[in-house]
Structures are given as C-alpha cells and as structure tokens.
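To be precise, the following lines are run-v3.pdb, and they hold PDB, C-alpha atoms, pLDDT in the B column.
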```pdb
MODEL        1
ATOM      1  CA  MET L   1      82.760 136.489  97.911  1.00 55.00           C
ATOM      2  CA  ASN L   2      81.723 139.147  95.364  1.00 65.00           C
ATOM      3  CA  GLY L   3      78.076 138.074  95.292  1.00 85.00           C
ATOM      4  CA  ARG L   4      78.704 134.404  94.651  1.00 93.00           C
ATOM      5  CA  GLU L   5      78.137 131.246  96.648  1.00 96.00           C
ATOM      6  CA  PRO L   6      81.029 130.632  99.080  1.00 97.00           C
ATOM      7  CA  LEU L   7      83.211 127.696  98.063  1.00 98.00           C
ATOM      8  CA  SER L   8      85.030 125.010 100.029  1.00 98.00           C
ATOM      9  CA  VAL L   9      87.864 123.237  98.227  1.00 98.00           C
ATOM     10  CA  VAL L  10      88.308 119.705  99.574  1.00 98.00           C
ATOM     11  CA  VAL L  11      91.497 117.633  99.167  1.00 98.00           C
ATOM     12  CA  THR L  12      92.540 114.296 100.678  1.00 98.00           C
ATOM     13  CA  THR L  13      96.273 113.751 101.163  1.00 98.00           C
ATOM     14  CA  HIS L  14      98.976 111.277 102.069  1.00 98.00           C
ATOM     15  CA  ASN L  15     102.593 112.234 101.401  1.00 97.00           C
ATOM     16  CA  ASN L  16     101.722 114.514  98.483  1.00 97.00           C
ATOM     17  CA  ALA L  17     104.289 117.255  99.019  1.00 97.00           C
ATOM     18  CA  ALA L  18     105.459 116.995  95.394  1.00 96.00           C
ATOM     19  CA  THR L  19     102.106 118.157  93.980  1.00 97.00           C
ATOM     20  CA  LEU L  20     100.096 119.748  96.795  1.00 98.00           C
ATOM     21  CA  ASP L  21     101.678 123.196  96.494  1.00 98.00           C
ATOM     22  CA  ALA L  22     100.503 123.602  92.883  1.00 97.00           C
ATOM     23  CA  CYS L  23      97.081 122.206  93.808  1.00 98.00           C
ATOM     24  CA  LEU L  24      96.380 124.618  96.655  1.00 98.00           C
ATOM     25  CA  ARG L  25      98.006 127.604  94.959  1.00 98.00           C
ATOM     26  CA  SER L  26      95.592 127.186  92.042  1.00 97.00           C
ATOM     27  CA  VAL L  27      92.562 127.490  94.360  1.00 97.00           C
ATOM     28  CA  SER L  28      93.908 130.046  96.823  1.00 96.00           C
ATOM     29  CA  TRP L  29      90.988 132.303  95.810  1.00 96.00           C
ATOM     30  CA  ALA L  30      88.468 129.908  97.413  1.00 97.00           C
ATOM     31  CA  ASP L  31      86.710 130.830 100.662  1.00 97.00           C
ATOM     32  CA  GLU L  32      87.968 127.713 102.420  1.00 98.00           C
ATOM     33  CA  MET L  33      90.412 124.876 101.825  1.00 98.00           C
ATOM     34  CA  VAL L  34      89.908 121.622 103.720  1.00 98.00           C
ATOM     35  CA  VAL L  35      92.683 119.019 103.786  1.00 98.00           C
ATOM     36  CA  LEU L  36      91.977 115.578 105.238  1.00 98.00           C
ATOM     37  CA  ASP L  37      95.284 113.796 105.748  1.00 98.00           C
ATOM     38  CA  SER L  38      95.937 110.130 106.470  1.00 98.00           C
ATOM     39  CA  GLY L  39      99.316 110.172 108.172  1.00 97.00           C
ATOM     40  CA  SER L  40     101.709 112.115 105.947  1.00 98.00           C
ATOM     41  CA  THR L  41     105.360 112.074 106.984  1.00 98.00           C
ATOM     42  CA  ASP L  42     106.690 114.485 104.347  1.00 98.00           C
ATOM     43  CA  ALA L  43     106.038 118.228 103.969  1.00 98.00           C
ATOM     44  CA  THR L  44     102.364 117.791 103.042  1.00 98.00           C
ATOM     45  CA  LEU L  45     100.975 119.273 106.255  1.00 98.00           C
ATOM     46  CA  ALA L  46     103.407 122.196 106.220  1.00 98.00           C
ATOM     47  CA  ILE L  47     102.305 123.066 102.677  1.00 98.00           C
ATOM     48  CA  ALA L  48      98.639 122.847 103.660  1.00 98.00           C
ATOM     49  CA  ALA L  49      99.280 125.115 106.654  1.00 98.00           C
ATOM     50  CA  HIS L  50     101.127 127.603 104.428  1.00 98.00           C
ATOM     51  CA  TYR L  51      97.969 128.083 102.370  1.00 98.00           C
ATOM     52  CA  GLY L  52      95.767 128.432 105.433  1.00 98.00           C
ATOM     53  CA  ALA L  53      93.921 125.169 104.908  1.00 98.00           C
ATOM     54  CA  ARG L  54      91.869 123.630 107.694  1.00 98.00           C
ATOM     55  CA  ILE L  55      93.767 120.420 108.379  1.00 98.00           C
ATOM     56  CA  HIS L  56      92.147 117.270 109.734  1.00 98.00           C
ATOM     57  CA  SER L  57      93.582 113.779 110.107  1.00 98.00           C
ATOM     58  CA  GLN L  58      92.129 110.275 110.165  1.00 98.00           C
ATOM     59  CA  PRO L  59      93.344 106.828 109.092  1.00 97.00           C
ATOM     60  CA  PHE L  60      92.737 106.065 105.428  1.00 97.00           C
ATOM     61  CA  ALA L  61      89.227 104.612 105.087  1.00 95.00           C
ATOM     62  CA  GLY L  62      89.284 103.831 101.363  1.00 94.00           C
ATOM     63  CA  TYR L  63      89.154 106.279  98.469  1.00 95.00           C
ATOM     64  CA  SER L  64      85.410 106.878  98.470  1.00 96.00           C
ATOM     65  CA  ALA L  65      84.892 106.952 102.240  1.00 97.00           C
ATOM     66  CA  GLN L  66      87.917 109.209 102.769  1.00 97.00           C
ATOM     67  CA  LYS L  67      86.670 111.732 100.229  1.00 98.00           C
ATOM     68  CA  GLN L  68      83.169 111.676 101.694  1.00 98.00           C
ATOM     69  CA  ALA L  69      84.607 112.320 105.152  1.00 98.00           C
ATOM     70  CA  ALA L  70      86.516 115.298 103.751  1.00 98.00           C
ATOM     71  CA  ILE L  71      83.389 116.650 102.044  1.00 98.00           C
ATOM     72  CA  ASP L  72      81.484 116.366 105.327  1.00 98.00           C
ATOM     73  CA  LEU L  73      84.108 118.614 106.959  1.00 98.00           C
ATOM     74  CA  ALA L  74      83.422 121.496 104.565  1.00 98.00           C
ATOM     75  CA  SER L  75      81.827 124.613 106.043  1.00 98.00           C
ATOM     76  CA  HIS L  76      80.120 125.732 102.850  1.00 98.00           C
ATOM     77  CA  ARG L  77      77.374 124.197 100.759  1.00 98.00           C
ATOM     78  CA  TRP L  78      79.280 124.319  97.476  1.00 98.00           C
ATOM     79  CA  VAL L  79      82.362 122.121  97.193  1.00 98.00           C
ATOM     80  CA  LEU L  80      85.152 121.748  94.668  1.00 98.00           C
ATOM     81  CA  LEU L  81      86.675 118.280  95.075  1.00 98.00           C
ATOM     82  CA  LEU L  82      90.277 117.931  93.916  1.00 98.00           C
ATOM     83  CA  ASP L  83      92.908 115.238  94.139  1.00 97.00           C
ATOM     84  CA  SER L  84      96.222 116.377  95.581  1.00 98.00           C
ATOM     85  CA  ASP L  85      97.880 115.927  92.170  1.00 97.00           C
ATOM     86  CA  GLU L  86      95.390 118.148  90.344  1.00 98.00           C
ATOM     87  CA  SER L  87      95.276 121.903  89.794  1.00 97.00           C
ATOM     88  CA  ILE L  88      92.939 124.486  88.271  1.00 95.00           C
ATOM     89  CA  ALA L  89      94.208 126.866  85.578  1.00 88.00           C
ATOM     90  CA  PRO L  90      93.296 130.586  85.952  1.00 90.00           C
ATOM     91  CA  PRO L  91      90.691 130.553  83.114  1.00 92.00           C
ATOM     92  CA  ALA L  92      88.926 127.622  84.772  1.00 94.00           C
ATOM     93  CA  ALA L  93      89.042 129.356  88.156  1.00 93.00           C
ATOM     94  CA  ALA L  94      87.403 132.452  86.673  1.00 93.00           C
ATOM     95  CA  LEU L  95      84.651 130.340  85.091  1.00 96.00           C
ATOM     96  CA  LEU L  96      83.953 128.523  88.369  1.00 97.00           C
ATOM     97  CA  GLN L  97      83.508 131.830  90.143  1.00 95.00           C
ATOM     98  CA  GLN L  98      81.083 132.996  87.454  1.00 96.00           C
ATOM     99  CA  VAL L  99      79.030 129.805  87.818  1.00 97.00           C
ATOM    100  CA  LEU L 100      78.907 130.182  91.591  1.00 97.00           C
ATOM    101  CA  ALA L 101      77.323 133.612  91.179  1.00 96.00           C
ATOM    102  CA  MET L 102      74.140 131.865  90.033  1.00 95.00           C
ATOM    103  CA  PRO L 103      74.359 128.040  89.975  1.00 97.00           C
ATOM    104  CA  ALA L 104      71.865 126.492  87.550  1.00 97.00           C
ATOM    105  CA  HIS L 105      72.562 122.844  88.439  1.00 98.00           C
ATOM    106  CA  ALA L 106      73.192 120.689  91.501  1.00 98.00           C
ATOM    107  CA  GLY L 107      76.616 119.711  90.158  1.00 98.00           C
ATOM    108  CA  TYR L 108      79.027 120.381  87.329  1.00 98.00           C
ATOM    109  CA  GLN L 109      81.409 118.210  85.381  1.00 98.00           C
ATOM    110  CA  LEU L 110      84.896 119.478  84.585  1.00 97.00           C
ATOM    111  CA  TRP L 111      87.249 118.141  81.930  1.00 97.00           C
ATOM    112  CA  ARG L 112      90.566 116.624  83.007  1.00 97.00           C
ATOM    113  CA  ARG L 113      93.829 116.792  81.065  1.00 97.00           C
ATOM    114  CA  GLU L 114      96.314 114.008  81.810  1.00 97.00           C
ATOM    115  CA  TRP L 115     100.084 114.226  82.126  1.00 97.00           C
ATOM    116  CA  GLN L 116     101.509 111.206  80.296  1.00 97.00           C
ATOM    117  CA  PHE L 117     105.006 110.513  81.638  1.00 97.00           C
ATOM    118  CA  TRP L 118     106.871 113.352  79.882  1.00 96.00           C
ATOM    119  CA  ARG L 119     104.146 115.368  78.126  1.00 97.00           C
ATOM    120  CA  TRP L 120     100.522 116.441  78.300  1.00 97.00           C
ATOM    121  CA  GLN L 121      98.088 114.343  76.329  1.00 97.00           C
ATOM    122  CA  SER L 122      97.477 115.725  72.859  1.00 97.00           C
ATOM    123  CA  ALA L 123      95.053 118.628  72.676  1.00 95.00           C
ATOM    124  CA  ARG L 124      93.220 116.658  69.982  1.00 96.00           C
ATOM    125  CA  SER L 125      92.717 113.543  72.128  1.00 97.00           C
ATOM    126  CA  ARG L 126      89.556 113.076  74.157  1.00 97.00           C
ATOM    127  CA  LEU L 127      89.438 114.381  77.706  1.00 97.00           C
ATOM    128  CA  ASN L 128      87.580 112.569  80.467  1.00 95.00           C
ATOM    129  CA  HIS L 129      85.119 114.575  82.549  1.00 96.00           C
ATOM    130  CA  TYR L 130      84.024 114.208  86.162  1.00 97.00           C
ATOM    131  CA  VAL L 131      81.638 115.896  88.586  1.00 98.00           C
ATOM    132  CA  ARG L 132      83.897 117.999  90.796  1.00 98.00           C
ATOM    133  CA  LEU L 133      81.865 121.127  91.610  1.00 98.00           C
ATOM    134  CA  PHE L 134      78.653 120.367  93.457  1.00 98.00           C
ATOM    135  CA  ASP L 135      76.132 121.255  96.138  1.00 98.00           C
ATOM    136  CA  ARG L 136      77.144 118.855  98.898  1.00 98.00           C
ATOM    137  CA  GLN L 137      73.612 118.801 100.286  1.00 97.00           C
ATOM    138  CA  ARG L 138      72.546 117.108  97.051  1.00 98.00           C
ATOM    139  CA  ALA L 139      75.540 114.876  96.383  1.00 98.00           C
ATOM    140  CA  ARG L 140      77.498 111.967  97.832  1.00 98.00           C
ATOM    141  CA  MET L 141      80.436 109.819  96.842  1.00 98.00           C
ATOM    142  CA  SER L 142      79.647 106.463  95.271  1.00 96.00           C
ATOM    143  CA  GLU L 143      80.513 103.324  97.220  1.00 90.00           C
ATOM    144  CA  HIS L 144      83.039 101.981  94.703  1.00 89.00           C
ATOM    145  CA  HIS L 145      86.401 100.925  96.107  1.00 88.00           C
ATOM    146  CA  VAL L 146      88.162 102.464  93.079  1.00 90.00           C
ATOM    147  CA  HIS L 147      87.019 104.796  90.303  1.00 91.00           C
ATOM    148  CA  GLU L 148      84.749 106.421  92.860  1.00 94.00           C
ATOM    149  CA  SER L 149      82.582 109.286  91.623  1.00 96.00           C
ATOM    150  CA  VAL L 150      80.290 112.028  92.892  1.00 98.00           C
ATOM    151  CA  GLN L 151      76.624 111.016  92.635  1.00 98.00           C
ATOM    152  CA  VAL L 152      74.334 114.054  92.319  1.00 98.00           C
ATOM    153  CA  ASP L 153      70.636 114.226  93.174  1.00 98.00           C
ATOM    154  CA  GLY L 154      69.634 116.761  90.541  1.00 97.00           C
ATOM    155  CA  SER L 155      70.726 118.118  87.202  1.00 98.00           C
ATOM    156  CA  VAL L 156      74.398 118.150  86.175  1.00 98.00           C
ATOM    157  CA  GLY L 157      75.983 120.719  83.885  1.00 98.00           C
ATOM    158  CA  VAL L 158      79.243 120.535  81.946  1.00 97.00           C
ATOM    159  CA  LEU L 159      81.726 123.397  82.230  1.00 97.00           C
ATOM    160  CA  ASP L 160      84.303 124.320  79.637  1.00 95.00           C
ATOM    161  CA  ALA L 161      86.953 124.187  82.355  1.00 95.00           C
ATOM    162  CA  ILE L 162      90.006 121.947  82.592  1.00 96.00           C
ATOM    163  CA  ILE L 163      91.631 120.298  85.587  1.00 97.00           C
ATOM    164  CA  ASP L 164      95.302 119.474  85.078  1.00 97.00           C
ATOM    165  CA  HIS L 165      96.082 116.011  86.451  1.00 97.00           C
ATOM    166  CA  TYR L 166      99.719 115.093  86.982  1.00 95.00           C
ATOM    167  CA  GLY L 167      99.077 111.555  88.258  1.00 91.00           C
ATOM    168  CA  GLU L 168     101.943 109.097  88.283  1.00 91.00           C
ATOM    169  CA  PRO L 169     105.117 110.738  86.913  1.00 90.00           C
ATOM    170  CA  ASP L 170     106.636 107.604  85.375  1.00 96.00           C
ATOM    171  CA  ILE L 171     105.878 104.184  83.936  1.00 97.00           C
ATOM    172  CA  ALA L 172     106.769 102.370  87.155  1.00 97.00           C
ATOM    173  CA  GLY L 173     104.301 104.473  89.129  1.00 96.00           C
ATOM    174  CA  ARG L 174     101.480 103.967  86.668  1.00 97.00           C
ATOM    175  CA  THR L 175     102.116 100.220  86.496  1.00 97.00           C
ATOM    176  CA  ALA L 176     102.117  99.986  90.289  1.00 97.00           C
ATOM    177  CA  LYS L 177      98.807 101.870  90.348  1.00 96.00           C
ATOM    178  CA  ALA L 178      97.309  99.441  87.829  1.00 97.00           C
ATOM    179  CA  ASN L 179      98.347  96.546  90.063  1.00 97.00           C
ATOM    180  CA  ARG L 180      96.989  98.223  93.201  1.00 96.00           C
ATOM    181  CA  TYR L 181      93.695  99.323  91.655  1.00 95.00           C
ATOM    182  CA  SER L 182      93.024  95.938  90.054  1.00 95.00           C
ATOM    183  CA  THR L 183      93.290  94.322  93.480  1.00 95.00           C
ATOM    184  CA  LEU L 184      90.972  96.878  95.063  1.00 93.00           C
ATOM    185  CA  GLN L 185      88.428  96.461  92.276  1.00 92.00           C
ATOM    186  CA  LEU L 186      87.930  92.818  93.185  1.00 91.00           C
ATOM    187  CA  ALA L 187      85.491  93.953  95.870  1.00 87.00           C
ATOM    188  CA  ASP L 188      83.412  95.856  93.305  1.00 87.00           C
ATOM    189  CA  LEU L 189      83.528  93.028  90.767  1.00 88.00           C
ATOM    190  CA  GLY L 190      82.499  90.599  93.496  1.00 76.00           C
ATOM    191  CA  ARG L 191      79.145  92.373  93.788  1.00 78.00           C
ATOM    192  CA  ARG L 192      78.317  91.477  90.184  1.00 80.00           C
ATOM    193  CA  LYS L 193      77.919  88.137  88.480  1.00 84.00           C
ATOM    194  CA  VAL L 194      80.839  88.412  86.053  1.00 88.00           C
ATOM    195  CA  SER L 195      80.804  85.556  83.540  1.00 90.00           C
ATOM    196  CA  TRP L 196      83.072  84.393  80.712  1.00 94.00           C
ATOM    197  CA  LEU L 197      86.192  85.291  82.665  1.00 93.00           C
ATOM    198  CA  ARG L 198      88.632  83.401  80.456  1.00 95.00           C
ATOM    199  CA  LEU L 199      87.235  85.083  77.344  1.00 96.00           C
ATOM    200  CA  ARG L 200      87.428  88.454  79.094  1.00 95.00           C
ATOM    201  CA  MET L 201      91.104  87.855  79.944  1.00 96.00           C
ATOM    202  CA  VAL L 202      91.837  87.085  76.292  1.00 97.00           C
ATOM    203  CA  ALA L 203      89.696  89.680  74.514  1.00 97.00           C
ATOM    204  CA  TYR L 204      89.020  92.595  76.810  1.00 96.00           C
ATOM    205  CA  PRO L 205      92.615  93.918  77.084  1.00 97.00           C
ATOM    206  CA  THR L 206      92.690  94.356  73.299  1.00 98.00           C
ATOM    207  CA  VAL L 207      89.323  96.113  73.372  1.00 98.00           C
ATOM    208  CA  ALA L 208      90.521  98.370  76.187  1.00 98.00           C
ATOM    209  CA  PHE L 209      93.711  99.202  74.297  1.00 98.00           C
ATOM    210  CA  LEU L 210      91.903 100.091  71.072  1.00 98.00           C
ATOM    211  CA  ARG L 211      89.300 102.154  72.891  1.00 97.00           C
ATOM    212  CA  TYR L 212      91.965 104.149  74.754  1.00 98.00           C
ATOM    213  CA  TYR L 213      94.520 104.426  71.959  1.00 98.00           C
ATOM    214  CA  ALA L 214      92.345 104.774  68.854  1.00 98.00           C
ATOM    215  CA  LEU L 215      88.871 105.953  69.871  1.00 97.00           C
ATOM    216  CA  ARG L 216      90.051 108.404  72.518  1.00 97.00           C
ATOM    217  CA  GLY L 217      92.793 109.636  70.239  1.00 98.00           C
ATOM    218  CA  HIS L 218      95.804 108.969  72.447  1.00 98.00           C
ATOM    219  CA  TRP L 219      97.708 107.835  69.362  1.00 98.00           C
ATOM    220  CA  ARG L 220      98.138 111.574  68.814  1.00 98.00           C
ATOM    221  CA  SER L 221     100.376 111.690  71.920  1.00 98.00           C
ATOM    222  CA  GLY L 222     103.098 109.591  70.293  1.00 98.00           C
ATOM    223  CA  TRP L 223     104.919 106.965  72.319  1.00 98.00           C
ATOM    224  CA  ALA L 224     103.613 108.404  75.595  1.00 98.00           C
ATOM    225  CA  GLY L 225     100.068 107.681  74.436  1.00 98.00           C
ATOM    226  CA  PHE L 226     101.028 104.200  73.245  1.00 98.00           C
ATOM    227  CA  ILE L 227     102.640 103.283  76.573  1.00 98.00           C
ATOM    228  CA  ALA L 228      99.690 104.686  78.547  1.00 98.00           C
ATOM    229  CA  ALA L 229      97.307 102.643  76.391  1.00 98.00           C
ATOM    230  CA  ARG L 230      99.332  99.469  76.959  1.00 98.00           C
ATOM    231  CA  ILE L 231      99.272  99.964  80.735  1.00 98.00           C
ATOM    232  CA  HIS L 232      95.539 100.638  80.552  1.00 98.00           C
ATOM    233  CA  ALA L 233      95.111  97.325  78.714  1.00 98.00           C
ATOM    234  CA  PHE L 234      97.284  95.576  81.307  1.00 98.00           C
ATOM    235  CA  TYR L 235      95.011  96.910  84.039  1.00 97.00           C
ATOM    236  CA  ALA L 236      91.987  95.552  82.152  1.00 96.00           C
ATOM    237  CA  PHE L 237      93.678  92.143  82.040  1.00 97.00           C
ATOM    238  CA  LEU L 238      94.755  92.170  85.689  1.00 97.00           C
ATOM    239  CA  LYS L 239      91.330  92.835  87.181  1.00 95.00           C
ATOM    240  CA  TYR L 240      89.789  89.835  85.415  1.00 96.00           C
ATOM    241  CA  ALA L 241      92.830  87.613  85.954  1.00 96.00           C
ATOM    242  CA  LYS L 242      92.749  88.319  89.680  1.00 96.00           C
ATOM    243  CA  LEU L 243      89.021  87.620  89.819  1.00 95.00           C
ATOM    244  CA  TYR L 244      89.624  84.329  87.986  1.00 95.00           C
ATOM    245  CA  GLU L 245      92.405  83.468  90.427  1.00 95.00           C
ATOM    246  CA  ARG L 246      90.164  84.195  93.410  1.00 92.00           C
ATOM    247  CA  ARG L 247      87.410  81.954  92.084  1.00 91.00           C
ATOM    248  CA  ARG L 248      89.824  79.132  91.386  1.00 92.00           C
ATOM    249  CA  GLN L 249      91.297  79.401  94.874  1.00 91.00           C
ATOM    250  CA  SER L 250      87.824  79.376  96.425  1.00 87.00           C
ATOM    251  CA  ARG L 251      86.829  76.325  94.357  1.00 84.00           C
ATOM    252  CA  ASP L 252      90.036  74.390  94.989  1.00 74.00           C
TER     253      ASP L 252
ENDMDL
END
```

Let me see the structure of the file written as structure tokens.
Amino acid sequence: MNGREPLSVVVTTHNNAATLDACLRSVSWADEMVVLDSGSTDATLAIAAHYGARIHSQPFAGYSAQKQAAIDLASHRWVLLLDSDESIAPPAAALLQQVLAMPAHAGYQLWRREWQFWRWQSARSRLNHYVRLFDRQRARMSEHHVHESVQVDGSVGVLDAIIDHYGEPDIAGRTAKANRYSTLQLADLGRRKVSWLRLRMVAYPTVAFLRYYALRGHWRSGWAGFIAARIHAFYAFLKYAKLYERRRQSRD
C-alpha cells in the first residue's frame, strides 16, 4: 500500500466482456477489485476472475441500488467506483494513489472524457465531472433511477484526473440508451410537479441541443459532436413526451 489508504475498486457488470478487460487492467494496482454481476452470459466473469476480482452476483436491482450493493461489498473504506466501460489512464492512477496517501476530503470528483462513435470528444470541449473516489462511510448513492450519483457527507475535492468512457460504440446503441433512460426517468419525474409539458416538448430539446453542442463545445468534435448533440436533444424530448403520454393515458 506504500503508506496510503487501501483502495477497493467497485464495478457492476452485465455482459460487458468487450470493455471490462481495459477497465480492470487500468486499476490492477488497487488493493481490491469487487465485481457485482447481474447474470452475464458472455466472458465477463472469466475476465473478472483473470484479474483476481472478488465476484458476487445478484439480480439487477436498478442502477443506483445495484451500485450501492456493490459498494457495500467493498472491504476497504476508500472506494473508486467505475462503470464497466470506463478506464483510468496511468497519470490519473498515479494521482489517485498520491491523494490516498493523505486524503483531504470525503470524496473527489474526476473528469470524464467521452468516446463519440468514432473519436474522442475534442480536447477543447467541456468534460463532465463526477464523484468517483470517496470514503464509503461518508457517502451513498442517490435514489435516482437514472443519472444516479454519489452523495457525500463532507467536503468534495476535484482532481485533475480523467476517466475514459467508451459508452455506446455506435449511433444505434446511443439512441437505444436514450429510449431506455427516458422511460426509466419517468419514475424520477413523477416525484416532481412538472408543468408546461407541451411547451417543454417544443422548446426544451432545442435548449438541450444548444447547451450540449455550443456551450459545452462539442461542435469542436465535428459531425460526431453534432450527432451526439442531436441524440441528447432527442432524449430531452422523449422524457417529457413520455410523461405527457402517461398523464393523458391516466386522464383518459
């Protein structure tokens, strides 16, 4: 451990053989790798075993609940939470180990670089950042059905470290995800009193497109950035259209 806090890397999986090898290889320096699987039928479990991960299985309980269950299986206090299609570059790994020598916060945000169909997003576009390194005794997953996040009880730092996210490799996959996530988000939207639904269906997709394409700088990624922005706008439309449909069906 070289004088640092021991680290558990936590990953949830389901048929992720295409990306899991790169994910686990990038964190092979960690003190423990925990994989919580939900019924993989491909080589996912064999890859996890190859890297010496502790493998557990349970039926998929939803994104947030599944990740929390995986975090609860960790042996160590400090956790690095990764998706199975993410990996840590060597410079980021070195920085994480330095931080763990003397953590100053209860959690840390890391930047995430997105693969957009056939290229990485432009280096001059804006990266999203998420809490991924944290003291699990002072953190829990949010209860959102999608876009779940780590909620930290304490201060949060930001590390100059990048997670590479491969995500959906093609347009069909990203469109299918937008359709799936917009359906799942109905449960979260149902907790709020969302008004002006017809106006939101008309206006919000354009706002979402401009925010993603122009303000976040994905126009710098060429046609890949344009297509990603259009799918993002389609997702914004779908979630409100489906909520409108549900309300009409309930009323009729």

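Atom CA of Ser40 of chain L to atom CA of Asp83 of chain L spans 15.1 Å [interatomic distance, one decimal].
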
message: (98.6, 116.4, 99.6) in this file's frame - what residues fall within 6 Å of it? Use only C-alpha atoms and give the answer as a list in words.
response: Thr13, His14, Asn16, Ala17, Leu20, Thr44 and Ser84 of chain L

For the selection just defined, write its residues with C-alpha atoms to a file, as an mmCIF file, in the frame of the given file.
```cif
data_model
loop_
_atom_site.group_PDB
_atom_site.id
_atom_site.type_symbol
_atom_site.label_atom_id
_atom_site.label_comp_id
_atom_site.auth_asym_id
_atom_site.auth_seq_id
_atom_site.Cartn_x
_atom_site.Cartn_y
_atom_site.Cartn_z
ATOM 1 C CA THR L 13 96.273 113.751 101.163
ATOM 2 C CA HIS L 14 98.976 111.277 102.069
ATOM 3 C CA ASN L 16 101.722 114.514 98.483
ATOM 4 C CA ALA L 17 104.289 117.255 99.019
ATOM 5 C CA LEU L 20 100.096 119.748 96.795
ATOM 6 C CA THR L 44 102.364 117.791 103.042
ATOM 7 C CA SER L 84 96.222 116.377 95.581
#
```

Six-sided padding of 6 Å per side, axis-aligned box over segment 101-109 of chain L, centre and edges in Å, one decimal, as lines of an AutoDock Vina configuration file:
```
center_x = 76.6
center_y = 125.9
center_z = 88.4
size_x = 21.5
size_y = 27.4
size_z = 18.1
```

Mind telling me what the PyMOL selection byres ((chain L and resi 152) around 9) catches here, as a short mmCIF file (atom, residue, chain, number, x, y, z; two decimals) with C-alpha atoms, in the frame of the given file?
```cif
data_model
loop_
_atom_site.label_atom_id
_atom_site.label_comp_id
_atom_site.auth_asym_id
_atom_site.auth_seq_id
_atom_site.Cartn_x
_atom_site.Cartn_y
_atom_site.Cartn_z
CA ALA L 106 73.19 120.69 91.50
CA GLY L 107 76.62 119.71 90.16
CA VAL L 131 81.64 115.90 88.59
CA PHE L 134 78.65 120.37 93.46
CA ASP L 135 76.13 121.26 96.14
CA ARG L 136 77.14 118.86 98.90
CA ARG L 138 72.55 117.11 97.05
CA ALA L 139 75.54 114.88 96.38
CA ARG L 140 77.50 111.97 97.83
CA MET L 141 80.44 109.82 96.84
CA VAL L 150 80.29 112.03 92.89
CA GLN L 151 76.62 111.02 92.64
CA ASP L 153 70.64 114.23 93.17
CA GLY L 154 69.63 116.76 90.54
CA SER L 155 70.73 118.12 87.20
CA VAL L 156 74.40 118.15 86.18
#
```

query: For the atom pair atom CA of Asn128 of chain L and atom CA of Arg112 of chain L, what is the interatomic distance in Å to one decimal place?
result: 5.6 Å

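For segment 23-32 of chain L, the set of protein, DNA and RNA residues having any atom at most 7 Å away, when counting all atoms listed in the file and skipping those fewer than 5 positions along the same chain, is L:Pro6, L:Leu7, L:Ser8, L:Val9, L:Tyr51, L:Ala53, L:Ser84, L:Asp85, L:Glu86, L:Ser87, L:Ile88, L:Ala89.
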